[in-house]
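Visitor: Structure incoming, see below.
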Amino acid sequence: MFAEYRKVIVAAVLSAALGAAQAQEAKAQARAGAVADGVSSVVGIAAGAPLNPMLPVLGAAFKAATFQHAESLPETERPRAYALAAAGWHGSAAGNACAAVSVLSGGAFLPACIVVGVGWGWKTWNASDRERRDAGGCAALRASARNPKLRCPFMRHRIQRAAAPAPRPVAAQELVAP
C-alpha cells in the first residue's frame, strides 16, 4: 500500500534523526540513543532489511532493564553505564539506518553498515569522556574527604555557539579607486 512512499518516509525519518545528534549529558544521550535505535529498527524492517520483526519489542524490554540497572548504581558510576548504553544504541541506530538505505538502494553496501555502526558508537563513547572523568574525580574527592554523600559540583559542558560578527556599515570615504 505504501510501497511507493517507502523511500520518502525512510528519508524523512533518517534526516530528522540526524538533527538530534548533539552533545548531551550521558543519561539524555542514552535516552536519545534508545529512541533512535527503536525507530531505526522499525524503519529498517519497513524498508525490507533482514531484521527480526521482534527486535524492537525485545529491544524496548532490554532498554528498560538497562535504565533500571543504571539508576540503581552509585552516582559516580552512572555516567559510565549511561555512556556505554548510549554508545551501543547510537551505533546500532546508525547501522540500522545504513542498512535501510542500503536495502532501498539495492543492498550493495550492506556489509559496510557494520563499520558505520561501530564508528558511530565509538564517536558517541568518546563524546562522553569528560563526564566519565568528572565522575571519577568526584569519587576521588569523596574518598579523600571521607564523606560518601558529598555533592560534587559537576559542570554541565555545553557547546556554545559563537555570535556572528556584526555587519559594519561602509562609509563613502572608505571607498577608493585603485
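Each chain of the C-alpha cells is named A, B, ... in the order shown, its residues numbered from 1; ligands are numbered from 1 in display order.
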For A:Ile114, find every residue with an atom within 12 Å (counting only C-alpha atoms), except residues of its own chain fewer than 2 positions away, and show them as a ChimeraX atom specification.

Guide: /A:91-99,102,109-112,116-121

Visitor: Would you pick out the contacts of A:Lys27 at 10 Å or less, using only C-alpha atoms, so that residues sharing its chain but fewer than 3 positions from it are not included, and give the list as a PyMOL selection string?

Guide: chain A and resi 24+30-33+67+70-71+78-83+85-86

Visitor: For N, CA and C atoms, I'd like the residues from the last selection saved as a PDB file, in the first residue's frame.

Guide:
```
ATOM      1  N   GLN A  24      25.208  16.004  24.723  1.00  0.00           N
ATOM      2  CA  GLN A  24      24.199  15.903  25.765  1.00  0.00           C
ATOM      3  C   GLN A  24      24.828  15.268  26.988  1.00  0.00           C
ATOM      4  N   ALA A  30      21.760   8.606  26.351  1.00  0.00           N
ATOM      5  CA  ALA A  30      21.289   7.220  26.347  1.00  0.00           C
ATOM      6  C   ALA A  30      19.812   7.153  25.965  1.00  0.00           C
ATOM      7  N   ARG A  31      19.013   8.079  26.473  1.00  0.00           N
ATOM      8  CA  ARG A  31      17.592   8.115  26.096  1.00  0.00           C
ATOM      9  C   ARG A  31      17.438   8.350  24.595  1.00  0.00           C
ATOM     10  N   ALA A  32      18.171   9.311  24.080  1.00  0.00           N
ATOM     11  CA  ALA A  32      18.097   9.606  22.650  1.00  0.00           C
ATOM     12  C   ALA A  32      18.554   8.405  21.824  1.00  0.00           C
ATOM     13  N   GLY A  33      19.592   7.719  22.287  1.00  0.00           N
ATOM     14  CA  GLY A  33      20.067   6.528  21.592  1.00  0.00           C
ATOM     15  C   GLY A  33      19.056   5.403  21.608  1.00  0.00           C
ATOM     16  N   PHE A  67      18.119   0.867  31.837  1.00  0.00           N
ATOM     17  CA  PHE A  67      17.897   2.122  32.566  1.00  0.00           C
ATOM     18  C   PHE A  67      17.652   1.852  34.049  1.00  0.00           C
ATOM     19  N   ALA A  70      21.014   1.043  35.610  1.00  0.00           N
ATOM     20  CA  ALA A  70      21.871   2.232  35.709  1.00  0.00           C
ATOM     21  C   ALA A  70      21.422   3.142  36.842  1.00  0.00           C
ATOM     22  N   GLU A  71      20.117   3.266  37.057  1.00  0.00           N
ATOM     23  CA  GLU A  71      19.609   4.099  38.161  1.00  0.00           C
ATOM     24  C   GLU A  71      19.948   3.509  39.522  1.00  0.00           C
ATOM     25  N   ARG A  78      27.145   5.981  37.371  1.00  0.00           N
ATOM     26  CA  ARG A  78      26.072   6.125  36.382  1.00  0.00           C
ATOM     27  C   ARG A  78      26.543   6.671  35.037  1.00  0.00           C
ATOM     28  N   PRO A  79      27.396   7.708  35.004  1.00  0.00           N
ATOM     29  CA  PRO A  79      27.803   8.229  33.685  1.00  0.00           C
ATOM     30  C   PRO A  79      28.445   7.170  32.795  1.00  0.00           C
ATOM     31  N   ARG A  80      29.238   6.283  33.380  1.00  0.00           N
ATOM     32  CA  ARG A  80      29.872   5.226  32.581  1.00  0.00           C
ATOM     33  C   ARG A  80      28.824   4.254  32.037  1.00  0.00           C
ATOM     34  N   ALA A  81      27.860   3.864  32.881  1.00  0.00           N
ATOM     35  CA  ALA A  81      26.815   2.944  32.437  1.00  0.00           C
ATOM     36  C   ALA A  81      25.960   3.575  31.333  1.00  0.00           C
ATOM     37  N   TYR A  82      25.580   4.838  31.526  1.00  0.00           N
ATOM     38  CA  TYR A  82      24.781   5.520  30.509  1.00  0.00           C
ATOM     39  C   TYR A  82      25.586   5.716  29.217  1.00  0.00           C
ATOM     40  N   ALA A  83      26.866   6.035  29.350  1.00  0.00           N
ATOM     41  CA  ALA A  83      27.696   6.243  28.166  1.00  0.00           C
ATOM     42  C   ALA A  83      27.851   4.950  27.376  1.00  0.00           C
ATOM     43  N   ALA A  85      25.705   2.414  27.330  1.00  0.00           N
ATOM     44  CA  ALA A  85      24.415   2.148  26.695  1.00  0.00           C
ATOM     45  C   ALA A  85      24.201   3.072  25.500  1.00  0.00           C
ATOM     46  N   ALA A  86      24.525   4.346  25.675  1.00  0.00           N
ATOM     47  CA  ALA A  86      24.337   5.307  24.583  1.00  0.00           C
ATOM     48  C   ALA A  86      25.207   4.950  23.384  1.00  0.00           C
TER      49      ALA A  86
END
```

Visitor: Can you list, as an MDAnalysis selection string, all residues belonging to stretch 26-159 of chain A that DSSP tags as alpha helix (DSSP H)?

Guide: chainID A and resid 26:47 55:72 78:104 112:127 129:145

Visitor: Using only C-alpha atoms, what does the table of stretch 72-130 of chain A residues within 8 Å of stretch 135-148 of chain A look like, with each row giving the shortest atom pair and its distance in Å to one decimal, sorted by chain and ascending number, as JSON lines?

Guide:
```
{"residue": "A:Glu75", "atom": "CA", "partner": "A:Ala135", "partner_atom": "CA", "distance": 8.0}
{"residue": "A:Thr76", "atom": "CA", "partner": "A:Ala135", "partner_atom": "CA", "distance": 4.8}
{"residue": "A:Glu77", "atom": "CA", "partner": "A:Ala135", "partner_atom": "CA", "distance": 7.0}
{"residue": "A:Pro79", "atom": "CA", "partner": "A:Ala135", "partner_atom": "CA", "distance": 7.0}
```

Visitor: What does the distance between atom CA of A:Ala49 and atom CA of A:Leu104 come to in Å, to one decimal place?

Guide: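 Going from atom CA of A:Ala49 over to atom CA of A:Leu104 covers 8.6 Å.
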
Visitor: Between atom CA of A:Leu84 and atom CA of A:Thr124, what distance in Å does the model show, to one decimal?

Guide: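 Separating atom CA of A:Leu84 from atom CA of A:Thr124 is a distance of 8.9 Å.
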
Visitor: What does the structure give for the distance between atom CA of A:Trp122 and atom CA of A:Ala87, in Å to one decimal?

Guide: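 Taking atom CA of A:Trp122 and atom CA of A:Ala87, their separation equals 6.6 Å.
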
Visitor: So, with only C-alpha atoms as the atoms that count, which of A:Ala166, A:Ala177, A:Ala34, A:Gly48 lies closest to A:Gly106?

Guide: A:Gly48
